[in-house]
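Enquirer: Contents of work22.cif (mmCIF, C-alpha atoms and all ligand atoms):
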data_target
#
loop_
_atom_site.label_atom_id
_atom_site.label_comp_id
_atom_site.auth_asym_id
_atom_site.auth_seq_id
_atom_site.Cartn_x
_atom_site.Cartn_y
_atom_site.Cartn_z
CA MET A 23 21.78 -19.62 13.92
CA LYS A 24 25.57 -19.38 13.71
CA LEU A 25 27.25 -16.33 15.10
CA THR A 26 30.97 -16.53 14.55
CA GLY A 27 33.44 -15.73 17.28
CA SER A 28 34.42 -12.40 15.82
CA ASP A 29 30.78 -11.28 15.96
CA LEU A 30 30.32 -11.93 19.62
CA ALA A 31 31.73 -10.30 22.71
CA GLU A 32 31.84 -11.97 26.08
CA THR A 33 30.36 -10.14 29.05
CA PRO A 34 32.10 -10.53 32.45
CA ASP A 35 29.61 -13.22 33.46
CA GLY A 36 30.46 -15.16 30.33
CA SER A 37 27.16 -14.70 28.51
CA SER A 38 27.31 -13.67 24.88
CA ARG A 39 26.19 -10.24 23.73
CA ALA A 40 24.88 -8.76 20.54
CA PRO A 41 27.41 -8.28 17.74
CA LEU A 42 29.91 -5.56 18.50
CA ARG A 43 31.10 -5.15 14.96
CA PRO A 44 29.45 -2.05 13.52
CA LEU A 45 26.45 -2.88 11.39
CA GLU A 46 27.08 -2.81 7.66
CA VAL A 47 23.70 -3.43 6.12
CA ALA A 48 20.07 -3.74 7.20
CA ILE A 49 17.50 -5.77 5.32
CA VAL A 50 13.96 -4.52 5.80
CA LEU A 51 11.25 -7.12 5.25
CA PRO A 52 7.67 -5.85 5.41
CA THR A 53 5.29 -8.64 6.33
CA TYR A 54 1.63 -9.40 6.44
CA ASN A 55 0.76 -13.00 7.27
CA GLU A 56 4.18 -14.47 6.50
CA ARG A 57 4.70 -16.55 9.65
CA ARG A 58 5.75 -19.66 7.78
CA ASN A 59 8.31 -17.78 5.67
CA ILE A 60 10.34 -16.21 8.50
CA ALA A 61 12.68 -18.94 9.72
CA THR A 62 13.61 -20.11 6.22
CA MET A 63 14.28 -16.55 5.03
CA VAL A 64 16.49 -15.69 8.01
CA GLU A 65 18.49 -18.84 7.28
CA ARG A 66 18.93 -17.87 3.64
CA ILE A 67 20.02 -14.31 4.49
CA ASP A 68 22.44 -15.67 7.07
CA ARG A 69 23.93 -18.02 4.49
CA GLU A 70 24.28 -15.35 1.80
CA LEU A 71 25.70 -12.63 4.04
CA GLN A 72 28.52 -14.61 5.66
CA GLY A 73 31.20 -12.25 6.93
CA ILE A 74 28.98 -9.18 6.74
CA ALA A 75 27.47 -7.53 9.83
CA TRP A 76 23.80 -7.45 8.90
CA GLU A 77 20.48 -7.06 10.62
CA ALA A 78 17.06 -8.14 9.39
CA ILE A 79 14.20 -5.84 10.34
CA TYR A 80 10.77 -7.33 9.98
CA VAL A 81 8.05 -4.68 9.87
CA ASP A 82 4.84 -6.53 10.58
CA ASP A 83 1.39 -4.96 10.54
CA ASN A 84 0.14 -7.02 13.45
CA SER A 85 -0.59 -10.00 11.18
CA PRO A 86 -3.40 -12.21 12.46
CA ASP A 87 -1.29 -15.32 11.72
CA GLY A 88 1.19 -14.34 14.45
CA THR A 89 4.10 -13.27 12.23
CA SER A 90 5.38 -10.87 14.91
CA ASP A 91 5.49 -13.63 17.55
CA GLU A 92 7.40 -15.85 15.15
CA VAL A 93 9.93 -13.08 14.39
CA ARG A 94 10.45 -12.38 18.09
CA MET A 95 10.95 -16.06 18.77
CA ILE A 96 13.64 -16.26 16.12
CA ALA A 97 15.16 -13.00 17.37
CA GLN A 98 15.57 -14.61 20.79
CA ALA A 99 18.11 -16.97 19.25
CA ASN A 100 19.53 -14.49 16.77
CA PRO A 101 19.97 -10.87 17.85
CA ARG A 102 20.47 -9.86 14.22
CA VAL A 103 16.75 -10.23 13.73
CA ARG A 104 14.44 -7.42 14.84
CA CYS A 105 10.71 -6.99 14.87
CA ILE A 106 8.74 -3.80 14.44
CA GLN A 107 5.12 -4.61 15.16
CA ARG A 108 2.76 -1.91 13.96
CA ILE A 109 -0.70 -1.77 15.48
CA GLY A 110 -3.72 -0.49 13.58
CA ARG A 111 -1.71 0.26 10.45
CA ARG A 112 -1.50 -1.34 7.02
CA GLY A 113 0.60 -0.71 3.98
CA LEU A 114 3.74 -2.00 2.30
CA ALA A 115 5.26 1.39 1.42
CA SER A 116 4.91 2.95 4.85
CA ALA A 117 6.20 -0.26 6.48
CA ALA A 118 9.27 -0.16 4.25
CA ILE A 119 9.93 3.52 5.05
CA GLU A 120 9.60 3.01 8.79
CA GLY A 121 11.85 -0.04 8.68
CA MET A 122 14.52 1.80 6.71
CA CYS A 123 14.44 4.78 9.07
CA SER A 124 14.89 2.52 12.08
CA THR A 125 18.36 1.20 11.32
CA SER A 126 21.79 2.57 12.17
CA ALA A 127 23.42 0.57 9.38
CA PRO A 128 24.98 2.69 6.62
CA TYR A 129 23.26 0.67 3.88
CA VAL A 130 19.68 -0.50 3.82
CA ALA A 131 17.79 -2.91 1.60
CA VAL A 132 14.10 -3.66 1.22
CA MET A 133 12.87 -7.03 0.04
CA ASP A 134 9.79 -9.24 0.09
CA ALA A 135 9.60 -11.77 2.89
CA ASP A 136 7.93 -14.51 0.82
CA HIS A 137 11.07 -15.83 -0.98
CA GLN A 138 10.13 -14.26 -4.31
CA HIS A 139 13.24 -12.09 -3.98
CA ASP A 140 16.57 -13.89 -3.93
CA PRO A 141 18.81 -12.74 -1.03
CA ALA A 142 21.81 -13.94 -3.04
CA LEU A 143 21.69 -10.57 -4.83
CA LEU A 144 22.34 -8.62 -1.61
CA VAL A 145 26.12 -9.08 -1.63
CA GLY A 146 26.42 -7.74 -5.18
CA MET A 147 24.18 -4.80 -4.39
CA LEU A 148 26.26 -3.87 -1.37
CA ALA A 149 29.46 -4.10 -3.40
CA ALA A 150 28.01 -1.87 -6.13
CA LEU A 151 27.11 0.82 -3.60
CA ARG A 152 30.42 0.58 -1.78
CA SER A 153 32.32 1.02 -5.02
CA GLY A 154 30.94 4.57 -5.07
CA ASP A 155 29.87 4.21 -8.70
CA TYR A 156 26.19 3.84 -7.85
CA ASP A 157 23.67 5.53 -5.55
CA LEU A 158 21.07 2.80 -5.66
CA ALA A 159 20.97 -0.88 -6.56
CA TYR A 160 17.82 -2.78 -7.37
CA ALA A 161 16.61 -6.13 -8.66
CA SER A 162 14.68 -6.08 -11.92
CA ARG A 163 12.26 -8.72 -13.12
CA PHE A 164 12.63 -7.43 -16.68
CA ALA A 165 16.36 -6.80 -17.11
CA GLU A 166 18.48 -8.92 -19.47
CA GLY A 167 18.81 -12.32 -17.89
CA ALA A 168 15.87 -11.94 -15.53
CA SER A 169 12.90 -14.25 -15.50
CA THR A 170 9.34 -14.05 -14.30
CA GLU A 171 7.99 -17.49 -15.20
CA ALA A 172 6.84 -17.98 -11.66
CA TRP A 173 4.52 -15.04 -11.96
CA GLY A 174 1.59 -16.96 -13.32
CA ARG A 175 -0.08 -13.79 -14.60
CA PRO A 176 1.35 -12.83 -18.01
CA ASP A 177 -1.07 -9.89 -18.38
CA ARG A 178 0.39 -8.33 -15.27
CA VAL A 179 3.81 -8.40 -16.88
CA LYS A 180 2.50 -6.48 -19.88
CA VAL A 181 0.67 -3.95 -17.73
CA SER A 182 3.87 -3.30 -15.84
CA GLY A 183 5.57 -2.64 -19.17
CA LEU A 184 3.24 0.32 -19.75
CA ALA A 185 3.77 1.63 -16.23
CA ASN A 186 7.52 1.40 -16.81
CA LYS A 187 7.34 3.78 -19.78
CA ILE A 188 5.55 6.46 -17.76
CA ALA A 189 7.88 5.88 -14.84
CA ASN A 190 10.94 6.52 -16.99
CA LYS A 191 9.46 9.87 -17.95
CA VAL A 192 8.76 10.77 -14.34
CA THR A 193 12.12 9.86 -12.83
CA GLY A 194 14.31 10.53 -15.82
CA VAL A 195 16.01 7.22 -15.00
CA GLU A 196 15.89 4.27 -17.39
CA LEU A 197 14.47 1.44 -15.34
CA THR A 198 13.23 -1.86 -16.65
CA ASP A 199 11.25 -2.48 -13.46
CA PRO A 200 10.34 0.66 -11.47
CA MET A 201 7.70 -1.27 -9.51
CA SER A 202 10.33 -3.58 -8.04
CA GLY A 203 10.15 -4.10 -4.31
CA PHE A 204 13.78 -5.22 -3.95
CA PHE A 205 16.49 -2.56 -3.70
CA MET A 206 19.36 -1.19 -1.60
CA LEU A 207 20.71 2.30 -1.02
CA PRO A 208 22.82 4.27 1.47
CA THR A 209 20.61 4.88 4.50
CA GLU A 210 21.62 8.53 4.46
CA THR A 211 20.11 9.04 0.99
CA LEU A 212 16.85 7.58 2.21
CA ARG A 213 16.77 9.58 5.42
CA LYS A 214 17.27 12.87 3.57
CA ASP A 215 14.09 12.35 1.55
CA ALA A 216 12.06 10.18 3.91
CA HIS A 217 9.77 13.04 4.99
CA ARG A 218 8.81 13.68 1.37
CA LEU A 219 7.98 10.08 0.48
CA SER A 220 4.29 9.41 0.27
CA GLY A 221 3.95 5.99 1.89
CA VAL A 222 0.92 5.31 -0.28
CA GLY A 223 0.74 2.29 -2.57
CA PHE A 224 3.56 -0.03 -3.53
CA LYS A 225 5.81 2.03 -5.76
CA ILE A 226 8.31 3.01 -3.11
CA LEU A 227 11.38 2.59 -5.33
CA LEU A 228 9.85 4.88 -7.93
CA ASP A 229 8.98 7.36 -5.22
CA ILE A 230 12.56 7.43 -3.92
CA LEU A 231 13.91 8.05 -7.43
CA ALA A 232 11.35 10.74 -8.27
CA THR A 233 11.78 12.49 -4.91
CA SER A 234 15.56 12.70 -4.90
CA GLU A 235 16.86 16.11 -5.86
CA THR A 236 19.92 14.71 -7.55
CA ARG A 237 19.61 12.07 -10.23
CA LEU A 238 20.59 8.78 -8.62
CA ARG A 239 22.97 6.49 -10.45
CA VAL A 240 21.18 3.17 -10.56
CA LYS A 241 22.64 -0.31 -10.90
CA GLU A 242 20.28 -2.99 -12.12
CA PHE A 243 20.47 -6.64 -11.10
CA PRO A 244 18.51 -9.22 -13.09
CA LEU A 245 16.18 -11.11 -10.80
CA ASN A 246 14.70 -14.55 -11.12
CA PHE A 247 11.34 -13.72 -9.63
CA ALA A 248 10.60 -16.96 -7.81
CA ALA A 249 7.26 -18.37 -6.82
CA ARG A 250 6.00 -17.39 -3.41
CA ALA A 251 7.08 -20.02 -0.85
CA GLU A 252 4.13 -20.05 1.58
CA GLY A 253 0.88 -18.13 1.90
CA GLU A 254 -0.66 -15.85 -0.69
CA SER A 255 -0.11 -12.43 -2.28
CA LYS A 256 -1.66 -9.41 -0.58
CA LEU A 257 -1.07 -7.00 -3.40
CA ASP A 258 -3.56 -6.19 -6.11
CA GLN A 259 -3.15 -7.14 -9.68
CA THR A 260 -4.12 -3.55 -10.51
CA VAL A 261 -0.59 -2.30 -10.96
CA VAL A 262 -1.62 0.53 -13.26
CA PHE A 263 -4.21 1.82 -10.81
CA GLU A 264 -1.65 1.74 -7.99
CA PHE A 265 0.74 3.53 -10.22
CA LEU A 266 -1.66 6.32 -11.20
CA VAL A 267 -2.64 6.79 -7.58
CA GLY A 268 1.06 7.08 -6.79
CA LEU A 269 1.55 9.77 -9.42
CA TYR A 270 -1.48 11.72 -8.17
CA ASP A 271 -0.19 11.45 -4.63
CA LYS A 272 3.18 12.81 -5.65
CA TRP A 273 1.82 15.85 -7.46
CA LEU A 274 -1.50 16.80 -5.94
CA GLY A 275 -1.63 14.70 -2.78
CA ARG A 276 -0.57 17.63 -0.65
CA ILE A 277 -3.42 19.83 -1.85
CA ILE A 278 -6.22 17.27 -1.74
CA PRO A 279 -5.11 14.10 0.08
CA THR A 280 -5.09 11.06 -2.19
CA ARG A 281 -7.48 8.98 -0.17
CA PHE A 282 -10.00 11.79 0.09
CA ALA A 283 -9.75 12.41 -3.67
CA LEU A 284 -10.52 8.73 -4.27
CA PHE A 285 -13.38 8.80 -1.79
CA GLY A 286 -14.82 11.90 -3.47
CA THR A 287 -14.48 10.41 -6.95
CA VAL A 288 -16.26 7.25 -5.84
CA GLY A 289 -18.98 9.42 -4.27
CA ALA A 290 -19.46 11.34 -7.52
CA MET A 291 -19.78 8.04 -9.38
CA GLY A 292 -22.40 7.05 -6.81
CA VAL A 293 -24.51 10.02 -7.91
CA VAL A 294 -24.50 8.70 -11.47
CA VAL A 295 -25.32 5.20 -10.21
CA GLN A 296 -28.28 6.50 -8.21
CA PHE A 297 -29.75 8.26 -11.26
CA ALA A 298 -29.20 5.16 -13.37
CA ALA A 299 -30.87 2.93 -10.78
CA LEU A 300 -33.78 5.32 -10.44
CA TRP A 301 -34.23 5.36 -14.20
CA LEU A 302 -34.00 1.57 -14.30
CA VAL A 303 -36.70 1.10 -11.67
CA LEU A 304 -39.13 3.78 -12.90
CA SER A 305 -38.69 3.73 -16.66
CA VAL A 306 -37.58 0.20 -17.45
CA ILE A 307 -39.23 -1.92 -14.75
CA LEU A 308 -42.37 0.13 -14.01
CA GLY A 309 -42.63 1.62 -17.50
CA GLU A 310 -43.33 5.14 -16.19
CA ARG A 311 -43.07 7.92 -18.74
CA PHE A 312 -40.36 10.56 -18.35
CA VAL A 313 -41.78 13.89 -19.49
CA TYR A 314 -40.30 17.36 -19.15
CA GLY A 315 -37.64 16.20 -16.72
CA HIS A 316 -39.83 14.24 -14.38
CA TRP A 317 -41.55 10.88 -14.10
CA GLU A 318 -45.31 10.80 -14.30
CA THR A 319 -45.62 8.66 -11.26
CA GLY A 320 -47.20 8.75 -7.82
CA ARG A 321 -45.17 10.29 -5.01
CA LEU A 322 -45.04 7.06 -3.05
CA THR A 323 -43.77 5.10 -6.05
CA PHE A 324 -41.15 7.75 -6.65
CA MET A 325 -40.08 7.74 -3.00
CA THR A 326 -39.84 3.95 -2.94
CA ALA A 327 -37.92 3.82 -6.20
CA ASN A 328 -35.55 6.55 -5.08
CA THR A 329 -34.95 4.79 -1.75
CA ILE A 330 -33.99 1.63 -3.62
CA ALA A 331 -31.77 3.66 -5.95
CA ALA A 332 -30.06 5.35 -3.02
CA ALA A 333 -29.42 1.97 -1.37
CA VAL A 334 -27.96 0.65 -4.64
CA ALA A 335 -25.71 3.71 -4.97
CA MET A 336 -24.59 3.42 -1.36
CA THR A 337 -23.74 -0.25 -1.80
CA PHE A 338 -21.89 0.59 -4.99
CA ASN A 339 -19.89 3.23 -3.09
CA PHE A 340 -19.15 0.79 -0.31
CA VAL A 341 -17.83 -1.86 -2.70
CA LEU A 342 -15.75 0.59 -4.71
CA ASN A 343 -14.29 2.26 -1.64
CA ASN A 344 -13.44 -1.15 -0.26
CA GLU A 345 -11.72 -2.14 -3.52
CA LEU A 346 -9.96 1.14 -4.34
CA THR A 347 -9.99 3.86 -1.69
CA TYR A 348 -9.19 1.49 1.16
CA SER A 349 -7.57 -1.29 -0.87
CA ASP A 350 -4.79 -1.47 1.69
CA LYS A 351 -7.31 -2.10 4.48
CA ARG A 352 -9.79 -4.08 2.43
CA LEU A 353 -12.54 -5.90 4.32
CA ARG A 354 -12.80 -9.53 3.26
CA GLY A 355 -15.20 -12.34 4.04
CA PHE A 356 -18.96 -12.27 4.46
CA GLY A 357 -19.03 -11.22 8.14
CA PRO A 358 -16.64 -8.26 7.96
CA LEU A 359 -18.18 -7.10 4.67
CA LEU A 360 -21.71 -7.14 6.07
CA LYS A 361 -20.61 -5.34 9.22
CA GLY A 362 -18.70 -2.78 7.19
CA TRP A 363 -21.65 -2.25 4.87
CA ALA A 364 -23.97 -1.61 7.85
CA GLN A 365 -21.45 0.82 9.40
CA PHE A 366 -21.10 2.57 6.06
CA ALA A 367 -24.90 2.84 5.81
CA ILE A 368 -25.08 4.48 9.23
CA THR A 369 -22.22 6.81 8.35
CA CYS A 370 -23.93 7.84 5.11
CA SER A 371 -27.23 8.47 6.90
CA LEU A 372 -25.51 10.76 9.39
CA GLY A 373 -23.69 12.40 6.49
CA LEU A 374 -27.00 13.01 4.79
CA LEU A 375 -28.31 14.75 7.90
CA ALA A 376 -25.22 16.96 7.99
CA ASN A 377 -25.65 17.58 4.26
CA VAL A 378 -29.25 18.81 4.27
CA GLY A 379 -28.93 20.39 7.72
CA ALA A 380 -26.06 22.61 6.64
CA ALA A 381 -27.80 23.59 3.41
CA TYR A 382 -30.94 24.46 5.40
CA VAL A 383 -29.08 26.67 7.86
CA LEU A 384 -27.11 28.42 5.10
CA LYS A 385 -30.22 29.06 3.02
CA ASN A 386 -31.94 30.52 6.09
CA ILE A 387 -29.15 33.01 6.64
CA GLY A 388 -29.48 34.12 3.04
CA VAL A 389 -26.84 32.10 1.19
CA HIS A 390 -27.60 31.40 -2.47
CA ASP A 391 -29.42 28.05 -2.99
CA VAL A 392 -26.77 26.45 -5.19
CA LEU A 393 -23.96 27.51 -2.87
CA ALA A 394 -25.91 26.21 0.15
CA VAL A 395 -26.43 22.81 -1.51
CA MET A 396 -22.81 22.60 -2.67
CA THR A 397 -21.57 23.42 0.82
CA GLY A 398 -23.83 20.68 2.20
CA ILE A 399 -22.38 18.16 -0.24
CA VAL A 400 -18.75 19.05 0.52
CA LEU A 401 -19.45 18.97 4.25
CA ALA A 402 -21.10 15.56 3.97
CA ALA A 403 -18.18 14.25 1.90
CA VAL A 404 -15.67 15.32 4.55
CA PHE A 405 -17.93 14.00 7.30
CA ASN A 406 -18.47 10.62 5.58
CA PHE A 407 -14.78 10.33 4.82
CA ALA A 408 -13.72 11.02 8.38
CA LEU A 409 -16.23 8.58 9.86
CA SER A 410 -15.58 5.86 7.26
CA SER A 411 -11.83 6.11 7.71
CA LYS A 412 -12.20 5.79 11.44
CA PHE A 413 -15.02 3.30 11.90
CA VAL A 414 -15.59 1.30 8.70
CA TRP A 415 -12.01 0.84 7.53
CA GLY A 416 -10.37 1.84 10.80
CA LYS A 417 -8.30 -1.28 11.34
N1 LIG B 501 3.93 -4.55 6.67
C1 LIG B 501 3.20 -4.87 5.58
N2 LIG B 501 1.96 -4.30 5.43
N3 LIG B 501 3.69 -5.73 4.66
C2 LIG B 501 2.93 -6.04 3.60
C3 LIG B 501 1.65 -5.50 3.38
C4 LIG B 501 1.15 -4.58 4.36
O1 LIG B 501 0.05 -4.05 4.29
N4 LIG B 501 1.17 -6.00 2.21
C5 LIG B 501 2.10 -6.82 1.74
N5 LIG B 501 3.18 -6.87 2.56
C6 LIG B 501 4.42 -7.64 2.41
C7 LIG B 501 4.20 -9.12 2.16
O2 LIG B 501 4.07 -9.85 3.36
C8 LIG B 501 5.43 -9.50 1.38
O3 LIG B 501 6.53 -9.75 2.23
C9 LIG B 501 5.73 -8.24 0.56
O4 LIG B 501 5.09 -7.17 1.26
C10 LIG B 501 5.19 -8.32 -0.87
O5 LIG B 501 3.80 -8.59 -0.83
P1 LIG B 501 3.13 -9.70 -1.75
O6 LIG B 501 1.73 -9.79 -1.30
O7 LIG B 501 3.93 -10.96 -1.78
O8 LIG B 501 3.21 -8.93 -3.15
P2 LIG B 501 3.36 -9.49 -4.63
O9 LIG B 501 4.35 -10.61 -4.68
O10 LIG B 501 2.00 -9.76 -5.17
O11 LIG B 501 3.94 -8.16 -5.36
C11 LIG B 501 5.23 -8.02 -5.93
O12 LIG B 501 5.18 -7.09 -6.99
C12 LIG B 501 4.99 -5.72 -6.62
C13 LIG B 501 4.93 -4.85 -7.87
O13 LIG B 501 4.29 -5.44 -8.94
C14 LIG B 501 6.26 -7.58 -4.86
O14 LIG B 501 7.56 -7.81 -5.38
C15 LIG B 501 6.14 -6.12 -4.48
O15 LIG B 501 7.27 -5.77 -3.63
C16 LIG B 501 6.12 -5.27 -5.73
O16 LIG B 501 5.95 -3.90 -5.38
MN MN B 502 5.03 -11.87 -3.20
#
Take the structure in the file and give it back as structure tokens.
Ligand code: GDD
Ligand code: MN
Expert:
Amino acid sequence: MKLTGSDLAETPDGSSRAPLRPLEVAIVLPTYNERRNIATMVERIDRELQGIAWEAIYVDDNSPDGTSDEVRMIAQANPRVRCIQRIGRRGLASAAIEGMCSTSAPYVAVMDADHQHDPALLVGMLAALRSGDYDLAYASRFAEGASTEAWGRPDRVKVSGLANKIANKVTGVELTDPMSGFFMLPTETLRKDAHRLSGVGFKILLDILATSETRLRVKEFPLNFAARAEGESKLDQTVVFEFLVGLYDKWLGRIIPTRFALFGTVGAMGVVVQFAALWLVLSVILGERFVYGHWETGRLTFMTANTIAAAVAMTFNFVLNNELTYSDKRLRGFGPLLKGWAQFAITCSLGLLANVGAAYVLKNIGVHDVLAVMTGIVLAAVFNFALSSKFVWGK
């Protein structure tokens, strides 16, 4: 790593010290399992930002592949590189926000660490902001002159097109690529609104634009969205889902937290699944007749069928919560999935106890039946959510 003479100051004992020139720009790079992309990216940034006092802040969510160790090793040789290692946390948006808040540089950029974003754009972005004509600069995969051939998923491009239309309505700013993860703005602008950003999902740029009280003047840079250098993508292909979740979070997330709303919705779907499974077992498989709202079947058969149905519904809830509610902490692989499923089963059983227990107590003190049952359900939902968040998807 080359530090030029003007960057370095000599201490009395002759050893070199960190750059004394005031920082001009920080580049925040959120990472999850990007160990093999660190050294090459630092080299590229260094090459592109010659003559500019920059720092690169890697925000790593304790990646199992040792990304943090790699960043620290490189930082040993180059004090412009920093590492924020977050323990027990996951999420691109919150990593980006924390990284941006941690710099003293007047301008801050966020970009992907996997070489899909070209650091050559940074100089132009900085110049656009410094000119005073723009409040935010970002790289668009869909602007004139941009390309996304390396994407490999043409349907995802189309889906983003739809999200873009809604996004324009929300922010009032014409953007060709509001889901972009590559942008730069004055750090002060970010800091003013940081406490109101949601940190959920991946639409941080959109969030910044929608949150700002004044309409930001945006400069677009066409991006050649390159292929990922090493490793694999961690983000979902479900851009529209992410996007809708983001909108919900912005508008109602303060009243009913987004994750709990998702958890509750999945739970309600589980109720439908349980009825469907029960009907499948009793009516379709066993051929029992359904008369006047009940099955003409023995109690034991009904109990057994309903136990199976409940297990099916619970498994359905587990899978859906893993895919959607906790997509940012998704359990993968047979072992973790099985363990998570078992923990979820235990959680649900305890929740059920809380559910019927509360209803029983309330009914005994004279509360109306329906209200007692409803209270039991809400209590169980909160209980299940708290336990699941902590124990099943806790890490
Ligand atoms: N700290 C942290 N925590 N970083 C993460 C996490 C996380 O949970 N998940 C992903 N990242 C990092 C990756 O290591 C990478 O540097 C960057 O965020 C982008 O993640 P990818 O997994 O490479 O995403 P992608 O290429 O599929 O998604 C692209 O499109 C999105 C919108 O469609 C990126 O450009 C995103 O920035 C963009 O929002
Ligand atoms: Mn990527």
Enquirer: Closest to ligand LIG 501 (chain B) among A:Glu46, A:Asp391, A:Asp199, A:Glu345, using all atoms listed in the file?
Expert: A:Asp199
Enquirer: Show which residues sit within 10 Å of Ile67 in chain A, as a PyMOL selection string. Count only C-alpha atoms, and ignore same-chain residues fewer than 2 positions away.
Expert: chain A and resi 49+62-65+69-72+76-78+140-142+144
Enquirer: Fewer than 2 positions away in the same chain doesn't count, so skip those; otherwise give me all residues within 12 Å of range 371-388 of chain A, counting only C-alpha atoms, as a PyMOL selection string.
Expert: chain A and resi 332-333+336+364-369+390-410
Enquirer: How would the residues just picked look written out with C-alpha atoms as a PDB file, in the frame of the given file?
Expert:
ATOM      1  CA  ALA A 332     -30.060   5.350  -3.020  1.00  0.00           C
ATOM      2  CA  ALA A 333     -29.420   1.970  -1.370  1.00  0.00           C
ATOM      3  CA  MET A 336     -24.590   3.420  -1.360  1.00  0.00           C
ATOM      4  CA  ALA A 364     -23.970  -1.610   7.850  1.00  0.00           C
ATOM      5  CA  GLN A 365     -21.450   0.820   9.400  1.00  0.00           C
ATOM      6  CA  PHE A 366     -21.100   2.570   6.060  1.00  0.00           C
ATOM      7  CA  ALA A 367     -24.900   2.840   5.810  1.00  0.00           C
ATOM      8  CA  ILE A 368     -25.080   4.480   9.230  1.00  0.00           C
ATOM      9  CA  THR A 369     -22.220   6.810   8.350  1.00  0.00           C
ATOM     10  CA  HIS A 390     -27.600  31.400  -2.470  1.00  0.00           C
ATOM     11  CA  ASP A 391     -29.420  28.050  -2.990  1.00  0.00           C
ATOM     12  CA  VAL A 392     -26.770  26.450  -5.190  1.00  0.00           C
ATOM     13  CA  LEU A 393     -23.960  27.510  -2.870  1.00  0.00           C
ATOM     14  CA  ALA A 394     -25.910  26.210   0.150  1.00  0.00           C
ATOM     15  CA  VAL A 395     -26.430  22.810  -1.510  1.00  0.00           C
ATOM     16  CA  MET A 396     -22.810  22.600  -2.670  1.00  0.00           C
ATOM     17  CA  THR A 397     -21.570  23.420   0.820  1.00  0.00           C
ATOM     18  CA  GLY A 398     -23.830  20.680   2.200  1.00  0.00           C
ATOM     19  CA  ILE A 399     -22.380  18.160  -0.240  1.00  0.00           C
ATOM     20  CA  VAL A 400     -18.750  19.050   0.520  1.00  0.00           C
ATOM     21  CA  LEU A 401     -19.450  18.970   4.250  1.00  0.00           C
ATOM     22  CA  ALA A 402     -21.100  15.560   3.970  1.00  0.00           C
ATOM     23  CA  ALA A 403     -18.180  14.250   1.900  1.00  0.00           C
ATOM     24  CA  VAL A 404     -15.670  15.320   4.550  1.00  0.00           C
ATOM     25  CA  PHE A 405     -17.930  14.000   7.300  1.00  0.00           C
ATOM     26  CA  ASN A 406     -18.470  10.620   5.580  1.00  0.00           C
ATOM     27  CA  PHE A 407     -14.780  10.330   4.820  1.00  0.00           C
ATOM     28  CA  ALA A 408     -13.720  11.020   8.380  1.00  0.00           C
ATOM     29  CA  LEU A 409     -16.230   8.580   9.860  1.00  0.00           C
ATOM     30  CA  SER A 410     -15.580   5.860   7.260  1.00  0.00           C
TER      31      SER A 410
END
Enquirer: Rounded to one decimal in Å, what is the spacing between atom C11 of ligand LIG 501 (chain B) and CA of Ser124 in chain A?
Expert: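 A separation of 23.0 Å between them.
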Enquirer: Of the candidates A:Val103, A:Ala249, A:Ile96, A:Val130, which one gets nearest to ligand LIG 501 (chain B) if we count all atoms listed in the file?
Expert: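 When distances to ligand LIG 501 (chain B) are compared using all atoms listed in the file, the smallest one comes from A:Ala249.
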Enquirer: Residues within 9 Å of ligand LIG 501 (chain B) (all atoms listed in the file), as a PyMOL selection string?
Expert: chain A and resi 51-56+59+80-85+107-108+111-118+132-139+173+178-179+182+199-204+223-227+247+249-250+253-261+350-351
Enquirer: Can you pull out every residue within 8 Å of Thr347 in chain A, counting only C-alpha atoms, but drop anything in the same chain fewer than 5 positions away, and send it as a PDB file with C-alpha atoms, keeping the file's coordinate frame?
Expert:
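Heads up, here's the output in out.pdb:
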ATOM      1  CA  ARG A 281      -7.480   8.980  -0.170  1.00  0.00           C
ATOM      2  CA  LEU A 284     -10.520   8.730  -4.270  1.00  0.00           C
ATOM      3  CA  PHE A 285     -13.380   8.800  -1.790  1.00  0.00           C
ATOM      4  CA  LEU A 342     -15.750   0.590  -4.710  1.00  0.00           C
TER       5      LEU A 342
END
Enquirer: Report, in Å to a single decimal, how far apart CA of Ala299 in chain A and CA of Ala331 in chain A are.
Expert: 5.0 Å
Enquirer: Do you know which residues are at most 8 Å from Ile230 in chain A counting only C-alpha atoms, after dropping those on the same chain fewer than 6 positions away, and could you put them as a list in words?
Expert: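 My reading of the contact set: Leu212, Asp215 and Leu219 of chain A.
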Enquirer: So how far away is CA of Glu242 in chain A from CA of Ala168 in chain A, in Å?
Expert: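 According to the coordinates, CA of Ala168 in chain A and CA of Glu242 in chain A are separated by 10.5 Å.
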Enquirer: Taking into account all atoms listed in the file, which residue in the set A:Leu353, A:Ala251, A:Val50, A:Leu308 is nearest to ligand MN 502 (chain B)?
Expert: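 Going through A:Leu353, A:Ala251, A:Val50, A:Leu308 one by one, the smallest distance to ligand MN 502 (chain B) is for A:Ala251.
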Enquirer: Using only C-alpha atoms and all ligand atoms, can you tell me which of A:Ala159, A:Met122, A:Ala248, A:Thr211 comes closest to ligand MN 502 (chain B)?
Expert: A:Ala248
